[in-house]
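Accompanying notes for the structure given below.
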Amino acid sequence: MGYTHYWQFHNGTPIDEDTRRVCSKLKEAVEFAIKEGYDIAGYDGSGEPRLEEMKIGFNGRGDDHHETFLFHDPDGFNFCKTARKPYDAVVCLCLLVMKDSLGSGIRVSSDGDWDEWSEGRKLYKEFTGKDAPVPWVVQGQCPKCGSTSTINEYDNAWFCYECRNRFNGRE
Ligand SMILES: [Zn+2]
């Protein structure tokens with residue numbers, strides 16, 4: 001399993017109004033990243049990204065492509081394996097923008113820790129003018145190592161970054 005980001009819509013897929021609103025922001029974000037020099041292509045690593053009213057889809061270009069980033073997938077659970085290729089930063093930017101837009105309606109998690117999001121966070125700051133909030137905002141105490149830190153929550157399982165413990169349930 002390569003380096004992957006995950007997101008899940010809490011109440012099924014976003015309703016049309018949300019989809020339209022998020023797509024509009026994602027379009028701006030991707031266009032900004034392209035202006036900043038990221039080479040963003042269509043689904044298969046060629047052509048142009050799809051920046052549509054109800055769907056956003058893109059990939060890295062050529063050898064720098066991996067899995068397509070797609071908003072929104074009809075299923076509630078989504079993921080994008082970027083293998084840390086350069087377009088990873090743009091995927092992180094999009095996830096941060098989606099979290100901004102949907103709040104508690106979306107749950108974001110990642111194989112990467114916050115440091116590994118540094119390029120995406122920088123892009124987000126340039127795009128929005130503000131520091132990126134940690135999108136997996138759950139702070140909690142790990143039942144195994146006891147550290148209070150960011151705990152990554154998705155699919156009803158929790159993952160502690162300190163001790164790498166995966167466990168079910170909040171406490
Ligand atoms: Zn722990």
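Order determines the names: the first chain of the structure tokens is A, the second B, and so forth; residues in each chain are numbered 1 upward, and ligands are numbered 1 upward as they are shown.
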
- Task: Fewer than 5 positions away in the same chain doesn't count, so skip those; otherwise give me all residues within 7 Å of stretch 27-31 of chain A, counting only C-alpha atoms, as a PyMOL selection string.
- Result: chain A and resi 51+90+94+127

Determine, counting only C-alpha atoms, which protein, DNA and RNA residues have an atom within 10 Å of an atom of A:Asp39; residues of the same chain fewer than 3 positions away are not included. Present the result as a tab-separated table (two decimals) with N, CA and C atoms, in the first residue's frame.
```tsv
chain	number	residue	atom	x	y	z
A	33	ALA	N	-2.72	26.43	-8.00
A	33	ALA	CA	-1.55	25.53	-7.96
A	33	ALA	C	-0.85	25.48	-9.31
A	34	ILE	N	-1.64	25.45	-10.38
A	34	ILE	CA	-1.07	25.42	-11.73
A	34	ILE	C	-0.28	26.71	-11.97
A	35	LYS	N	-0.85	27.82	-11.54
A	35	LYS	CA	-0.18	29.12	-11.68
A	35	LYS	C	1.13	29.13	-10.89
A	36	GLU	N	1.17	28.39	-9.77
A	36	GLU	CA	2.37	28.30	-8.94
A	36	GLU	C	3.39	27.31	-9.50
A	45	GLY	N	-3.01	11.25	-16.53
A	45	GLY	CA	-1.69	11.88	-16.58
A	45	GLY	C	-1.44	12.65	-17.86
A	48	GLU	N	-5.91	17.83	-19.83
A	48	GLU	CA	-6.17	18.88	-18.84
A	48	GLU	C	-7.02	18.34	-17.70
A	59	ASN	N	-4.72	14.68	-11.94
A	59	ASN	CA	-3.61	13.80	-11.62
A	59	ASN	C	-2.33	14.58	-11.91
A	60	GLY	N	-1.19	13.98	-11.53
A	60	GLY	CA	0.08	14.54	-11.97
A	60	GLY	C	0.24	14.25	-13.46
A	61	ARG	N	1.27	14.82	-14.05
A	61	ARG	CA	1.43	14.63	-15.50
A	61	ARG	C	2.51	13.60	-15.81
A	62	GLY	N	2.25	12.79	-16.83
A	62	GLY	CA	3.24	11.84	-17.34
A	62	GLY	C	3.71	10.89	-16.25
A	64	ASP	N	4.83	11.53	-13.52
A	64	ASP	CA	4.46	12.03	-12.20
A	64	ASP	C	2.99	11.80	-11.87
A	65	HIS	N	2.30	10.99	-12.66
A	65	HIS	CA	0.91	10.71	-12.28
A	65	HIS	C	0.87	9.41	-11.49
A	86	PRO	N	4.81	14.78	-7.07
A	86	PRO	CA	4.64	16.24	-6.84
A	86	PRO	C	3.20	16.71	-6.70
A	87	TYR	N	2.26	16.10	-7.39
A	87	TYR	CA	0.86	16.56	-7.30
A	87	TYR	C	0.26	16.29	-5.92
A	90	VAL	N	-0.95	19.29	-4.19
A	90	VAL	CA	-2.21	19.84	-4.70
A	90	VAL	C	-3.39	19.04	-4.13
```

- Message: I want to know what sits within 12 Å of A:Met54, based on only C-alpha atoms, with residues of the same chain fewer than 3 positions away left out; could you give that as a PyMOL selection string?
- Response: chain A and resi 14-27+50-51+57+70-74

Those same residues, written as a CSV table (one decimal), in the first residue's frame with C-alpha atoms?
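Saved result, selection.csv, follows:
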```csv
chain,number,residue,atom,x,y,z
A,14,PRO,CA,-22.6,15.9,-0.2
A,15,ILE,CA,-25.8,17.4,-1.5
A,16,ASP,CA,-25.8,19.1,-4.8
A,17,GLU,CA,-25.6,22.6,-3.4
A,18,ASP,CA,-22.5,21.6,-1.4
A,19,THR,CA,-21.0,19.8,-4.3
A,20,ARG,CA,-21.4,22.9,-6.5
A,21,ARG,CA,-19.9,25.2,-3.8
A,22,VAL,CA,-16.9,22.9,-3.1
A,23,CYS,CA,-16.2,22.3,-6.8
A,24,SER,CA,-16.1,26.1,-7.3
A,25,LYS,CA,-13.5,26.4,-4.6
A,26,LEU,CA,-11.5,23.4,-5.7
A,27,LYS,CA,-11.4,24.8,-9.2
A,50,ARG,CA,-11.5,18.3,-15.2
A,51,LEU,CA,-12.6,21.3,-13.3
A,57,GLY,CA,-10.7,15.4,-11.2
A,70,LEU,CA,-11.7,12.8,-7.7
A,71,PHE,CA,-14.3,14.9,-6.0
A,72,HIS,CA,-16.8,13.7,-5.7
A,73,ASP,CA,-17.1,9.9,-5.9
A,74,PRO,CA,-20.6,8.5,-5.5
```

- Collect all residues with atoms no farther than 8 Å from ligand 1, counting only C-alpha atoms and all ligand atoms, and output them as a ChimeraX atom specification. /A:141-147,159-165

I need the chosen residues saved as a CSV table (one decimal), in the first residue's frame, with C-alpha atoms.
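Wrote selection_25.csv, looks like this:
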```
chain,number,residue,atom,x,y,z
A,141,GLN,CA,-5.5,10.5,24.5
A,142,CYS,CA,-4.1,7.2,23.2
A,143,PRO,CA,-5.3,4.3,25.4
A,144,LYS,CA,-2.0,2.4,24.8
A,145,CYS,CA,0.8,5.0,25.2
A,146,GLY,CA,-1.2,7.7,27.0
A,147,SER,CA,0.1,10.5,24.8
A,159,PHE,CA,-4.7,5.5,14.8
A,160,CYS,CA,-2.1,7.0,17.2
A,161,TYR,CA,0.8,8.7,15.5
A,162,GLU,CA,3.0,8.4,18.6
A,163,CYS,CA,3.0,4.6,19.1
A,164,ARG,CA,1.5,3.6,15.8
A,165,ASN,CA,-1.3,1.8,17.6
```

- Any idea what's packed within 7 Å of A:Phe79, counting only C-alpha atoms, ignoring anything in its chain fewer than 3 positions away? Could you give it as a ChimeraX atom specification? /A:4-7

Dump as a PDB file, in the first residue's frame, selection limited to C-alpha atoms:
```pdb
ATOM      1  CA  THR A   4      -2.474   7.502   0.546  1.00  0.00           C
ATOM      2  CA  HIS A   5      -4.918  10.176   1.702  1.00  0.00           C
ATOM      3  CA  TYR A   6      -8.485   9.284   2.694  1.00  0.00           C
ATOM      4  CA  TRP A   7     -11.731  11.142   3.113  1.00  0.00           C
TER       5      TRP A   7
END
```

- Task: For atom CA of A:Tyr3 and atom CA of A:Thr128, determine how far apart the two atoms are, in Å to one decimal place.
- Result: 25.8 Å

- Message: At a cut-off of 12 Å, using only C-alpha atoms, what residues contact A:Glu116? Leave out same-chain residues fewer than 2 positions from it and give the result as an MDAnalysis selection string.
- Response: chainID A and resid 3:5 83:84 88:89 92 110:114 118:122

Output file for the selection above: N, CA and C atoms, as an mmCIF file, in the first residue's frame:
```cif
data_model
loop_
_atom_site.group_PDB
_atom_site.id
_atom_site.type_symbol
_atom_site.label_atom_id
_atom_site.label_comp_id
_atom_site.auth_asym_id
_atom_site.auth_seq_id
_atom_site.Cartn_x
_atom_site.Cartn_y
_atom_site.Cartn_z
ATOM 1 N N TYR A 3 1.620 5.483 -0.250
ATOM 2 C CA TYR A 3 1.229 6.669 0.512
ATOM 3 C C TYR A 3 -0.116 7.206 0.017
ATOM 4 N N THR A 4 -1.088 7.238 0.944
ATOM 5 C CA THR A 4 -2.474 7.502 0.546
ATOM 6 C C THR A 4 -3.148 8.510 1.476
ATOM 7 N N HIS A 5 -4.026 9.310 0.917
ATOM 8 C CA HIS A 5 -4.918 10.176 1.702
ATOM 9 C C HIS A 5 -6.345 9.629 1.588
ATOM 10 N N ALA A 83 1.574 8.378 -3.787
ATOM 11 C CA ALA A 83 2.964 7.906 -3.741
ATOM 12 C C ALA A 83 3.964 9.065 -3.571
ATOM 13 N N ARG A 84 3.502 10.163 -2.959
ATOM 14 C CA ARG A 84 4.332 11.341 -2.718
ATOM 15 C C ARG A 84 4.871 11.981 -4.004
ATOM 16 N N ASP A 88 0.979 15.532 -5.080
ATOM 17 C CA ASP A 88 0.521 15.293 -3.704
ATOM 18 C C ASP A 88 0.177 16.597 -2.987
ATOM 19 N N ALA A 89 1.008 17.623 -3.184
ATOM 20 C CA ALA A 89 0.762 18.910 -2.517
ATOM 21 C C ALA A 89 -0.579 19.499 -2.937
ATOM 22 N N CYS A 92 -3.312 17.588 -1.163
ATOM 23 C CA CYS A 92 -3.421 18.087 0.220
ATOM 24 C C CYS A 92 -4.144 19.431 0.246
ATOM 25 N N SER A 110 -4.895 10.469 6.642
ATOM 26 C CA SER A 110 -3.760 10.361 5.728
ATOM 27 C C SER A 110 -2.716 9.415 6.278
ATOM 28 N N ASP A 111 -2.012 8.758 5.384
ATOM 29 C CA ASP A 111 -0.832 8.005 5.811
ATOM 30 C C ASP A 111 0.273 8.958 6.259
ATOM 31 N N GLY A 112 0.207 10.187 5.778
ATOM 32 C CA GLY A 112 1.240 11.161 6.101
ATOM 33 C C GLY A 112 0.934 11.878 7.398
ATOM 34 N N ASP A 113 1.961 12.242 8.145
ATOM 35 C CA ASP A 113 1.729 13.086 9.315
ATOM 36 C C ASP A 113 1.769 14.555 8.872
ATOM 37 N N TRP A 114 1.562 15.425 9.831
ATOM 38 C CA TRP A 114 1.401 16.844 9.502
ATOM 39 C C TRP A 114 2.648 17.418 8.842
ATOM 40 N N SER A 118 3.680 19.374 4.582
ATOM 41 C CA SER A 118 4.221 20.738 4.636
ATOM 42 C C SER A 118 4.086 21.482 3.305
ATOM 43 N N GLU A 119 4.292 20.799 2.202
ATOM 44 C CA GLU A 119 4.197 21.495 0.915
ATOM 45 C C GLU A 119 2.742 21.878 0.603
ATOM 46 N N GLY A 120 1.830 20.979 0.920
ATOM 47 C CA GLY A 120 0.413 21.286 0.727
ATOM 48 C C GLY A 120 -0.037 22.417 1.639
ATOM 49 N N ARG A 121 0.491 22.419 2.865
ATOM 50 C CA ARG A 121 0.143 23.483 3.821
ATOM 51 C C ARG A 121 0.648 24.835 3.350
ATOM 52 N N LYS A 122 1.854 24.834 2.767
ATOM 53 C CA LYS A 122 2.445 26.070 2.251
ATOM 54 C C LYS A 122 1.573 26.608 1.105
#
```
